[in-house]
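Q: Take a look at the following structure, please.
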Amino acid sequence: MTLAEPAVAAAVSPRIYTEIQQFYAHQMQLLDQARTHEWAETFTVDGVFAANAHPEPIRGRDAIRAASTKARAALAEAGLQHRHWLGMLDARTAEGGVVAHSYAVVVETPRGGVPAIRHSTSCVDFLVHDGQRWLVRDRQITRDDLI
Amino acid sequence: MTLAEPAVAAAVSPRIYTEIQQFYAHQMQLLDQARTHEWAETFTVDGVFAANAHPEPIRGRDAIRAASTKARAALAEAGLQHRHWLGMLDARTAEGGVVAHSYAVVVETPRGGVPAIRHSTSCVDFLVHDGQRWLVRDRQITRDDLI
Amino acid sequence: MTLAEPAVAAAVSPRIYTEIQQFYAHQMQLLDQARTHEWAETFTVDGVFAANAHPEPIRGRDAIRAASTKARAALAEAGLQHRHWLGMLDARTAEGGVVAHSYAVVVETPRGGVPAIRHSTSCVDFLVHDGQRWLVRDRQITRDDLI
């Protein structure tokens, strides 16, 4: 799996492309609604969440759930609403799944305040289908300010 | 119709998903071009536009047209260009139509000035198809700063 | 070809709509990764890039490559990461291709700094298919601050 070279693989079918768009839309809404239990279920049990803002990858659904629950609680206490937007989705077939290169921004709005882009990032996901639905097996988030 | 629980219903087909994406793209462009007559035609005659920023829902296509025409005129006078972006579209089948949960931001640019996100919102639409095209029967906009 | 009147032509099929979404995603990522040789290949040999921010249109793939290579080098030197987001895609069939009306923003992040929307624009593309892939024959970018 070569995550860095999307262009060499074929684009996914229109059907899979829209399935993945819908998957991301639902996944981001779960996170921003602090439905972190359901959000964690969108990763495989052995899913990995890596980011250049973190010293180490988060490994496994349970650890992903725990980290996101803690992060959402801190936002709620601070009166901040986050909205994760994912776009510019370039989804390519790969052995056993789909490699999706995309952009993601976090729009942050304080209660009674003015919205702003908190983070601008690029995202590389390895997605697998378990027969019923798409799941993230591996996510790599690169914040633009830390490149 | 339970607008708050998109996850319980099936996602729409790829065909309908792209139709709705195209519908929203056209609808937002009509609004931002101040083509408010055509924009109002994208709602049903009895369409409702509700927002947590408004004291009362706007009821009916004529009232929606009048309100948007007034708002666009004020923007033009102030030299402000608005761009409505809708994304993270989660569209689910419902009895008689489609329930679409999405995010929307308004990017505002003053003439000669710097763009900024004016509003960050979430949107819940009930969409119906009249045999020829999609229409909004009910729209609920929730501004993040007012939650 | 009347670029200003998308509503009069039929929307493209779901298949073509998703192909074009994938095309744009890949095209924007090539640009933001400074892969300007590959980026220029997404235009026809006689492709035109016009913008209300430029005194004259850029004509031809070679000139487009040269201009973008120069612009990317300047950004790299300044320590700025740009992310081009295209959205609100309204794609309509036209004689010999597709007319796509969309919005585009440039999110700019300084190294170690805070992201912001650098430009808010609307985009009108005339896209053609060469039997293998989509290409831009004509692009018109209108910056909102210069309207």
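Quick note on naming: the chains in the structure tokens go A, B, ... in the order shown, residues restart at 1 in each chain, and ligands are numbered from 1 in order of appearance.
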After a least-squares superposition on chain C using every in-order C-alpha pair, I'd like chain A written out as a short mmCIF file (atom, residue, chain, number, x, y, z; two decimals) with N, CA and C atoms, in the first residue's frame.

A:
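Now in out.cif:
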data_model
loop_
_atom_site.label_atom_id
_atom_site.label_comp_id
_atom_site.auth_asym_id
_atom_site.auth_seq_id
_atom_site.Cartn_x
_atom_site.Cartn_y
_atom_site.Cartn_z
N MET A 1 -21.59 28.30 -26.85
CA MET A 1 -21.39 28.00 -25.42
C MET A 1 -21.71 29.24 -24.59
N THR A 2 -22.75 29.15 -23.81
CA THR A 2 -23.13 30.27 -22.95
C THR A 2 -22.78 29.91 -21.52
N LEU A 3 -21.63 30.41 -21.06
CA LEU A 3 -21.16 30.01 -19.74
C LEU A 3 -22.03 30.59 -18.62
N ALA A 4 -22.74 31.65 -18.90
CA ALA A 4 -23.44 32.34 -17.83
C ALA A 4 -24.80 31.73 -17.49
N GLU A 5 -25.27 30.76 -18.26
CA GLU A 5 -26.63 30.26 -18.03
C GLU A 5 -26.66 28.76 -17.83
N PRO A 6 -26.17 28.30 -16.68
CA PRO A 6 -26.13 26.85 -16.48
C PRO A 6 -27.52 26.22 -16.42
N ALA A 7 -28.50 27.00 -15.99
CA ALA A 7 -29.79 26.39 -15.69
C ALA A 7 -30.52 25.92 -16.93
N VAL A 8 -30.15 26.44 -18.08
CA VAL A 8 -30.88 26.07 -19.27
C VAL A 8 -30.50 24.70 -19.80
N ALA A 9 -29.34 24.20 -19.41
CA ALA A 9 -28.88 22.91 -19.91
C ALA A 9 -29.13 21.82 -18.87
N ALA A 10 -29.16 20.58 -19.34
CA ALA A 10 -29.42 19.46 -18.44
C ALA A 10 -28.21 19.18 -17.56
N ALA A 11 -28.49 18.78 -16.35
CA ALA A 11 -27.43 18.34 -15.45
C ALA A 11 -26.77 17.10 -16.03
N VAL A 12 -25.49 16.94 -15.76
CA VAL A 12 -24.80 15.73 -16.22
C VAL A 12 -25.31 14.52 -15.45
N SER A 13 -24.98 13.34 -15.95
CA SER A 13 -25.40 12.10 -15.28
C SER A 13 -24.65 11.95 -13.96
N PRO A 14 -25.21 11.12 -13.07
CA PRO A 14 -24.49 10.83 -11.81
C PRO A 14 -23.07 10.33 -12.06
N ARG A 15 -22.89 9.49 -13.08
CA ARG A 15 -21.55 8.97 -13.36
C ARG A 15 -20.58 10.10 -13.71
N ILE A 16 -21.01 10.98 -14.59
CA ILE A 16 -20.12 12.07 -14.99
C ILE A 16 -19.92 13.05 -13.83
N TYR A 17 -20.97 13.23 -13.04
CA TYR A 17 -20.84 14.16 -11.90
C TYR A 17 -19.74 13.69 -10.95
N THR A 18 -19.74 12.41 -10.63
CA THR A 18 -18.71 11.92 -9.70
C THR A 18 -17.33 11.89 -10.38
N GLU A 19 -17.29 11.60 -11.68
CA GLU A 19 -16.01 11.66 -12.38
C GLU A 19 -15.40 13.06 -12.28
N ILE A 20 -16.26 14.07 -12.43
CA ILE A 20 -15.76 15.44 -12.39
C ILE A 20 -15.37 15.84 -10.97
N GLN A 21 -16.11 15.37 -9.97
CA GLN A 21 -15.70 15.62 -8.59
C GLN A 21 -14.31 15.05 -8.33
N GLN A 22 -14.12 13.81 -8.78
CA GLN A 22 -12.82 13.16 -8.59
C GLN A 22 -11.73 13.89 -9.39
N PHE A 23 -12.06 14.33 -10.58
CA PHE A 23 -11.11 15.09 -11.39
C PHE A 23 -10.65 16.35 -10.65
N TYR A 24 -11.60 17.10 -10.13
CA TYR A 24 -11.25 18.34 -9.43
C TYR A 24 -10.42 18.05 -8.17
N ALA A 25 -10.79 17.02 -7.43
CA ALA A 25 -10.05 16.69 -6.22
C ALA A 25 -8.59 16.42 -6.56
N HIS A 26 -8.39 15.62 -7.59
CA HIS A 26 -7.02 15.28 -7.97
C HIS A 26 -6.29 16.52 -8.50
N GLN A 27 -6.99 17.29 -9.30
CA GLN A 27 -6.36 18.48 -9.89
C GLN A 27 -5.90 19.48 -8.82
N MET A 28 -6.75 19.71 -7.82
CA MET A 28 -6.40 20.67 -6.77
C MET A 28 -5.24 20.15 -5.92
N GLN A 29 -5.23 18.84 -5.67
CA GLN A 29 -4.14 18.27 -4.88
C GLN A 29 -2.81 18.37 -5.63
N LEU A 30 -2.84 18.14 -6.93
CA LEU A 30 -1.61 18.30 -7.71
C LEU A 30 -1.06 19.72 -7.58
N LEU A 31 -1.95 20.70 -7.69
CA LEU A 31 -1.51 22.10 -7.60
C LEU A 31 -0.91 22.40 -6.23
N ASP A 32 -1.63 21.97 -5.18
CA ASP A 32 -1.20 22.32 -3.82
C ASP A 32 0.05 21.56 -3.39
N GLN A 33 0.34 20.46 -4.09
CA GLN A 33 1.59 19.73 -3.84
C GLN A 33 2.71 20.23 -4.75
N ALA A 34 2.43 21.29 -5.49
CA ALA A 34 3.42 21.88 -6.40
C ALA A 34 3.85 20.90 -7.48
N ARG A 35 2.96 19.96 -7.81
CA ARG A 35 3.24 19.05 -8.93
C ARG A 35 2.71 19.73 -10.19
N THR A 36 3.36 20.82 -10.55
CA THR A 36 2.80 21.69 -11.57
C THR A 36 2.90 21.10 -12.97
N HIS A 37 3.86 20.20 -13.17
CA HIS A 37 3.91 19.56 -14.48
C HIS A 37 2.64 18.72 -14.69
N GLU A 38 2.33 17.87 -13.70
CA GLU A 38 1.13 17.04 -13.80
C GLU A 38 -0.13 17.90 -13.79
N TRP A 39 -0.09 18.98 -13.01
CA TRP A 39 -1.25 19.87 -12.96
C TRP A 39 -1.52 20.47 -14.33
N ALA A 40 -0.50 20.91 -15.01
CA ALA A 40 -0.68 21.51 -16.33
C ALA A 40 -1.25 20.50 -17.32
N GLU A 41 -0.95 19.22 -17.10
CA GLU A 41 -1.47 18.17 -17.98
C GLU A 41 -2.98 17.99 -17.84
N THR A 42 -3.59 18.61 -16.82
CA THR A 42 -5.05 18.53 -16.67
C THR A 42 -5.77 19.59 -17.50
N PHE A 43 -5.01 20.41 -18.21
CA PHE A 43 -5.58 21.35 -19.18
C PHE A 43 -5.31 20.81 -20.59
N THR A 44 -6.14 21.20 -21.53
CA THR A 44 -5.83 20.85 -22.92
C THR A 44 -4.59 21.63 -23.35
N VAL A 45 -3.98 21.18 -24.42
CA VAL A 45 -2.76 21.84 -24.91
C VAL A 45 -3.05 23.32 -25.20
N ASP A 46 -4.26 23.60 -25.67
CA ASP A 46 -4.63 24.99 -25.96
C ASP A 46 -5.49 25.59 -24.84
N GLY A 47 -5.39 25.03 -23.64
CA GLY A 47 -6.22 25.48 -22.52
C GLY A 47 -5.99 26.94 -22.16
N VAL A 48 -7.06 27.55 -21.65
CA VAL A 48 -7.00 28.96 -21.26
C VAL A 48 -7.34 29.08 -19.78
N PHE A 49 -6.56 29.90 -19.06
CA PHE A 49 -6.82 30.18 -17.65
C PHE A 49 -6.98 31.69 -17.52
N ALA A 50 -8.21 32.14 -17.29
CA ALA A 50 -8.50 33.57 -17.19
C ALA A 50 -8.97 33.88 -15.78
N ALA A 51 -8.63 35.06 -15.29
CA ALA A 51 -9.05 35.45 -13.95
C ALA A 51 -9.19 36.97 -13.91
N ASN A 52 -10.17 37.43 -13.14
CA ASN A 52 -10.34 38.87 -13.03
C ASN A 52 -9.20 39.52 -12.23
N ALA A 53 -8.34 38.68 -11.63
CA ALA A 53 -7.16 39.20 -10.94
C ALA A 53 -5.96 39.35 -11.88
N HIS A 54 -6.08 38.84 -13.10
CA HIS A 54 -4.98 38.92 -14.06
C HIS A 54 -5.34 39.88 -15.19
N PRO A 55 -4.36 40.63 -15.68
CA PRO A 55 -4.67 41.55 -16.78
C PRO A 55 -5.03 40.82 -18.07
N GLU A 56 -4.41 39.65 -18.30
CA GLU A 56 -4.64 38.90 -19.54
C GLU A 56 -4.82 37.42 -19.21
N PRO A 57 -5.60 36.68 -19.98
CA PRO A 57 -5.67 35.22 -19.79
C PRO A 57 -4.32 34.57 -20.06
N ILE A 58 -4.07 33.47 -19.38
CA ILE A 58 -2.89 32.64 -19.66
C ILE A 58 -3.32 31.62 -20.72
N ARG A 59 -2.60 31.55 -21.82
CA ARG A 59 -3.04 30.74 -22.95
C ARG A 59 -2.07 29.60 -23.22
N GLY A 60 -2.58 28.37 -23.14
CA GLY A 60 -1.78 27.21 -23.51
C GLY A 60 -1.18 26.52 -22.29
N ARG A 61 -1.03 25.21 -22.42
CA ARG A 61 -0.56 24.39 -21.30
C ARG A 61 0.83 24.81 -20.83
N ASP A 62 1.70 25.16 -21.77
CA ASP A 62 3.06 25.53 -21.38
C ASP A 62 3.07 26.80 -20.54
N ALA A 63 2.26 27.77 -20.94
CA ALA A 63 2.21 29.02 -20.18
C ALA A 63 1.56 28.79 -18.81
N ILE A 64 0.56 27.90 -18.78
CA ILE A 64 -0.10 27.58 -17.50
C ILE A 64 0.90 26.92 -16.55
N ARG A 65 1.70 26.00 -17.09
CA ARG A 65 2.72 25.32 -16.27
C ARG A 65 3.74 26.34 -15.73
N ALA A 66 4.19 27.21 -16.60
CA ALA A 66 5.22 28.18 -16.20
C ALA A 66 4.68 29.11 -15.11
N ALA A 67 3.45 29.58 -15.28
CA ALA A 67 2.88 30.51 -14.31
C ALA A 67 2.67 29.83 -12.96
N SER A 68 2.19 28.60 -12.98
CA SER A 68 1.92 27.92 -11.71
C SER A 68 3.21 27.52 -11.02
N THR A 69 4.21 27.14 -11.79
CA THR A 69 5.50 26.78 -11.19
C THR A 69 6.11 27.99 -10.47
N LYS A 70 6.01 29.14 -11.11
CA LYS A 70 6.53 30.37 -10.50
C LYS A 70 5.75 30.72 -9.22
N ALA A 71 4.42 30.58 -9.29
CA ALA A 71 3.59 30.92 -8.13
C ALA A 71 3.85 29.96 -6.97
N ARG A 72 4.00 28.67 -7.26
CA ARG A 72 4.25 27.70 -6.18
C ARG A 72 5.61 27.95 -5.54
N ALA A 73 6.61 28.32 -6.35
CA ALA A 73 7.93 28.59 -5.79
C ALA A 73 7.89 29.77 -4.83
N ALA A 74 7.10 30.79 -5.18
CA ALA A 74 6.98 31.96 -4.30
C ALA A 74 6.30 31.58 -2.98
N LEU A 75 5.30 30.71 -3.04
CA LEU A 75 4.63 30.26 -1.81
C LEU A 75 5.59 29.47 -0.94
N ALA A 76 6.35 28.57 -1.57
CA ALA A 76 7.28 27.75 -0.80
C ALA A 76 8.31 28.63 -0.10
N GLU A 77 8.79 29.63 -0.81
CA GLU A 77 9.78 30.53 -0.22
C GLU A 77 9.20 31.31 0.96
N ALA A 78 7.91 31.65 0.84
CA ALA A 78 7.24 32.40 1.91
C ALA A 78 6.76 31.50 3.05
N GLY A 79 6.92 30.18 2.91
CA GLY A 79 6.48 29.26 3.97
C GLY A 79 4.97 29.17 4.08
N LEU A 80 4.29 29.27 2.95
CA LEU A 80 2.82 29.25 2.94
C LEU A 80 2.32 27.98 2.26
N GLN A 81 1.38 27.30 2.92
CA GLN A 81 0.72 26.15 2.31
C GLN A 81 -0.65 26.59 1.84
N HIS A 82 -0.92 26.42 0.56
CA HIS A 82 -2.26 26.70 0.02
C HIS A 82 -3.03 25.40 -0.16
N ARG A 83 -4.33 25.48 0.12
CA ARG A 83 -5.25 24.37 -0.17
C ARG A 83 -6.41 24.94 -0.96
N HIS A 84 -6.55 24.47 -2.18
CA HIS A 84 -7.66 24.89 -3.02
C HIS A 84 -8.84 23.95 -2.81
N TRP A 85 -9.93 24.52 -2.35
CA TRP A 85 -11.18 23.76 -2.18
C TRP A 85 -12.16 24.22 -3.26
N LEU A 86 -12.68 23.28 -4.00
CA LEU A 86 -13.73 23.58 -4.97
C LEU A 86 -15.01 22.91 -4.50
N GLY A 87 -16.12 23.61 -4.60
CA GLY A 87 -17.38 23.05 -4.14
C GLY A 87 -18.56 23.65 -4.85
N MET A 88 -19.75 23.25 -4.40
CA MET A 88 -21.00 23.72 -5.00
C MET A 88 -20.94 23.56 -6.52
N LEU A 89 -20.59 22.34 -6.92
CA LEU A 89 -20.38 22.01 -8.33
C LEU A 89 -21.70 21.83 -9.05
N ASP A 90 -21.96 22.71 -9.99
CA ASP A 90 -23.15 22.62 -10.85
C ASP A 90 -22.65 22.34 -12.27
N ALA A 91 -22.78 21.08 -12.67
CA ALA A 91 -22.20 20.64 -13.95
C ALA A 91 -23.31 20.35 -14.95
N ARG A 92 -23.22 20.97 -16.12
CA ARG A 92 -24.27 20.88 -17.14
C ARG A 92 -23.67 20.45 -18.46
N THR A 93 -24.45 19.69 -19.21
CA THR A 93 -24.00 19.27 -20.53
C THR A 93 -23.97 20.47 -21.47
N ALA A 94 -22.99 20.46 -22.34
CA ALA A 94 -22.84 21.51 -23.35
C ALA A 94 -22.32 20.86 -24.62
N GLU A 95 -22.37 21.58 -25.71
CA GLU A 95 -21.92 20.99 -26.96
C GLU A 95 -20.42 20.70 -26.87
N GLY A 96 -20.06 19.44 -26.94
CA GLY A 96 -18.67 19.04 -26.94
C GLY A 96 -18.05 18.88 -25.57
N GLY A 97 -18.84 19.09 -24.53
CA GLY A 97 -18.25 18.95 -23.19
C GLY A 97 -19.21 19.28 -22.09
N VAL A 98 -18.68 19.80 -21.00
CA VAL A 98 -19.45 20.10 -19.80
C VAL A 98 -19.10 21.51 -19.33
N VAL A 99 -20.11 22.27 -18.99
CA VAL A 99 -19.88 23.57 -18.34
C VAL A 99 -20.11 23.37 -16.85
N ALA A 100 -19.10 23.70 -16.06
CA ALA A 100 -19.16 23.50 -14.61
C ALA A 100 -19.04 24.85 -13.91
N HIS A 101 -20.09 25.21 -13.19
CA HIS A 101 -20.07 26.40 -12.35
C HIS A 101 -19.82 25.95 -10.92
N SER A 102 -18.85 26.56 -10.28
CA SER A 102 -18.53 26.14 -8.91
C SER A 102 -17.99 27.31 -8.11
N TYR A 103 -17.76 27.06 -6.83
CA TYR A 103 -17.07 28.02 -5.97
C TYR A 103 -15.70 27.44 -5.65
N ALA A 104 -14.75 28.32 -5.41
CA ALA A 104 -13.44 27.85 -4.95
C ALA A 104 -12.90 28.82 -3.92
N VAL A 105 -12.34 28.28 -2.86
CA VAL A 105 -11.62 29.10 -1.90
C VAL A 105 -10.20 28.58 -1.79
N VAL A 106 -9.31 29.48 -1.43
CA VAL A 106 -7.93 29.11 -1.13
C VAL A 106 -7.73 29.30 0.36
N VAL A 107 -7.44 28.21 1.06
CA VAL A 107 -7.11 28.28 2.49
C VAL A 107 -5.60 28.35 2.59
N GLU A 108 -5.11 29.38 3.24
CA GLU A 108 -3.66 29.61 3.35
C GLU A 108 -3.22 29.44 4.79
N THR A 109 -2.16 28.64 4.97
CA THR A 109 -1.62 28.44 6.32
C THR A 109 -0.14 28.74 6.31
N PRO A 110 0.29 29.74 7.08
CA PRO A 110 1.74 29.96 7.22
C PRO A 110 2.35 28.87 8.11
N ARG A 111 3.58 28.52 7.84
CA ARG A 111 4.28 27.55 8.70
C ARG A 111 4.27 28.07 10.14
N GLY A 112 3.72 27.28 11.05
CA GLY A 112 3.64 27.69 12.46
C GLY A 112 2.55 28.71 12.74
N GLY A 113 1.70 28.98 11.76
CA GLY A 113 0.71 30.04 11.92
C GLY A 113 -0.73 29.56 11.85
N VAL A 114 -1.61 30.50 11.62
CA VAL A 114 -3.05 30.28 11.70
C VAL A 114 -3.65 30.28 10.29
N PRO A 115 -4.49 29.29 9.95
CA PRO A 115 -5.08 29.26 8.61
C PRO A 115 -6.13 30.35 8.43
N ALA A 116 -6.28 30.79 7.19
CA ALA A 116 -7.30 31.78 6.85
C ALA A 116 -7.69 31.60 5.38
N ILE A 117 -8.87 32.09 5.05
CA ILE A 117 -9.29 32.05 3.65
C ILE A 117 -8.60 33.20 2.93
N ARG A 118 -7.75 32.86 1.98
CA ARG A 118 -6.98 33.87 1.25
C ARG A 118 -7.83 34.50 0.15
N HIS A 119 -8.57 33.64 -0.57
CA HIS A 119 -9.42 34.11 -1.66
C HIS A 119 -10.74 33.35 -1.66
N SER A 120 -11.80 34.06 -1.95
CA SER A 120 -13.09 33.43 -2.24
C SER A 120 -13.44 33.77 -3.68
N THR A 121 -13.75 32.74 -4.46
CA THR A 121 -13.94 32.94 -5.89
C THR A 121 -15.11 32.11 -6.41
N SER A 122 -15.57 32.47 -7.59
CA SER A 122 -16.41 31.56 -8.36
C SER A 122 -15.63 31.15 -9.60
N CYS A 123 -15.98 29.98 -10.10
CA CYS A 123 -15.21 29.35 -11.18
C CYS A 123 -16.17 28.85 -12.24
N VAL A 124 -15.87 29.15 -13.49
CA VAL A 124 -16.61 28.56 -14.61
C VAL A 124 -15.60 27.84 -15.49
N ASP A 125 -15.79 26.53 -15.62
CA ASP A 125 -14.89 25.71 -16.44
C ASP A 125 -15.64 25.15 -17.64
N PHE A 126 -14.96 25.08 -18.76
CA PHE A 126 -15.44 24.25 -19.86
C PHE A 126 -14.53 23.03 -19.91
N LEU A 127 -15.14 21.87 -19.67
CA LEU A 127 -14.40 20.61 -19.56
C LEU A 127 -14.67 19.75 -20.78
N VAL A 128 -13.62 19.10 -21.25
CA VAL A 128 -13.78 18.17 -22.37
C VAL A 128 -13.17 16.82 -21.97
N HIS A 129 -13.65 15.78 -22.63
CA HIS A 129 -13.16 14.43 -22.35
C HIS A 129 -12.45 13.94 -23.60
N ASP A 130 -11.21 13.46 -23.42
CA ASP A 130 -10.42 13.06 -24.59
C ASP A 130 -10.52 11.56 -24.86
N GLY A 131 -11.50 10.89 -24.21
CA GLY A 131 -11.63 9.45 -24.38
C GLY A 131 -11.05 8.69 -23.21
N GLN A 132 -10.15 9.35 -22.50
CA GLN A 132 -9.53 8.71 -21.33
C GLN A 132 -9.78 9.49 -20.04
N ARG A 133 -9.85 10.81 -20.15
CA ARG A 133 -9.93 11.60 -18.94
C ARG A 133 -10.48 12.98 -19.24
N TRP A 134 -10.88 13.67 -18.17
CA TRP A 134 -11.38 15.03 -18.29
C TRP A 134 -10.21 16.01 -18.33
N LEU A 135 -10.42 17.08 -19.07
CA LEU A 135 -9.42 18.14 -19.20
C LEU A 135 -10.14 19.48 -19.17
N VAL A 136 -9.46 20.50 -18.67
CA VAL A 136 -9.99 21.86 -18.71
C VAL A 136 -9.57 22.53 -20.01
N ARG A 137 -10.55 22.97 -20.76
CA ARG A 137 -10.21 23.74 -21.96
C ARG A 137 -10.25 25.24 -21.68
N ASP A 138 -11.13 25.62 -20.77
CA ASP A 138 -11.28 27.04 -20.47
C ASP A 138 -11.69 27.21 -19.02
N ARG A 139 -10.95 28.01 -18.30
CA ARG A 139 -11.26 28.29 -16.88
C ARG A 139 -11.34 29.80 -16.69
N GLN A 140 -12.41 30.22 -16.02
CA GLN A 140 -12.58 31.63 -15.68
C GLN A 140 -12.80 31.74 -14.18
N ILE A 141 -11.85 32.40 -13.51
CA ILE A 141 -11.91 32.57 -12.06
C ILE A 141 -12.25 34.02 -11.74
N THR A 142 -13.27 34.20 -10.90
CA THR A 142 -13.68 35.55 -10.51
C THR A 142 -13.52 35.71 -9.00
N ARG A 143 -12.56 36.51 -8.60
CA ARG A 143 -12.37 36.75 -7.16
C ARG A 143 -13.47 37.67 -6.65
N ASP A 144 -14.04 37.29 -5.50
CA ASP A 144 -15.19 38.03 -4.96
C ASP A 144 -14.81 39.44 -4.53
N ASP A 145 -13.57 39.65 -4.12
CA ASP A 145 -13.18 40.99 -3.65
C ASP A 145 -13.00 41.97 -4.80
N LEU A 146 -12.90 41.45 -6.03
CA LEU A 146 -12.65 42.30 -7.19
C LEU A 146 -13.87 42.49 -8.07
N ILE A 147 -15.03 41.99 -7.61
CA ILE A 147 -16.25 42.11 -8.42
C ILE A 147 -16.70 43.57 -8.45
#

Q: Among the residues of segment 5-141 of chain C, find those DSSP assigns to helix (DSSP H, G or I) from the backbone and print them as a PyMOL selection string.

A: chain C and resi 6-8+14-32+36-40+61-78

Q: What parts of segment 97-127 of chain C does DSSP call strand (DSSP E)? I'd like the answer as an mmCIF file with C-alpha atoms, in the first residue's frame.

A:
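part-v4.cif was written with the following content:
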data_model
loop_
_atom_site.group_PDB
_atom_site.id
_atom_site.type_symbol
_atom_site.label_atom_id
_atom_site.label_comp_id
_atom_site.auth_asym_id
_atom_site.auth_seq_id
_atom_site.Cartn_x
_atom_site.Cartn_y
_atom_site.Cartn_z
ATOM 1 C CA GLY C 97 -18.241 18.944 -23.180
ATOM 2 C CA VAL C 98 -19.460 20.085 -19.812
ATOM 3 C CA VAL C 99 -19.878 23.559 -18.342
ATOM 4 C CA ALA C 100 -19.159 23.493 -14.609
ATOM 5 C CA HIS C 101 -20.071 26.391 -12.355
ATOM 6 C CA SER C 102 -18.533 26.123 -8.918
ATOM 7 C CA TYR C 103 -17.079 28.008 -5.973
ATOM 8 C CA ALA C 104 -13.444 27.834 -4.944
ATOM 9 C CA VAL C 105 -11.621 29.095 -1.888
ATOM 10 C CA VAL C 106 -7.929 29.112 -1.128
ATOM 11 C CA VAL C 107 -7.109 28.276 2.487
ATOM 12 C CA GLU C 108 -3.656 29.608 3.353
ATOM 13 C CA THR C 109 -1.608 28.443 6.326
ATOM 14 C CA PRO C 110 1.755 29.966 7.236
ATOM 15 C CA ALA C 116 -7.305 31.789 6.854
ATOM 16 C CA ILE C 117 -9.299 32.058 3.661
ATOM 17 C CA ARG C 118 -6.993 33.877 1.258
ATOM 18 C CA HIS C 119 -9.420 34.114 -1.658
ATOM 19 C CA SER C 120 -13.087 33.420 -2.229
ATOM 20 C CA THR C 121 -13.939 32.936 -5.891
ATOM 21 C CA SER C 122 -16.406 31.554 -8.360
ATOM 22 C CA CYS C 123 -15.198 29.342 -11.176
ATOM 23 C CA VAL C 124 -16.608 28.560 -14.611
ATOM 24 C CA ASP C 125 -14.898 25.700 -16.442
ATOM 25 C CA PHE C 126 -15.442 24.241 -19.863
ATOM 26 C CA LEU C 127 -14.400 20.612 -19.545
#
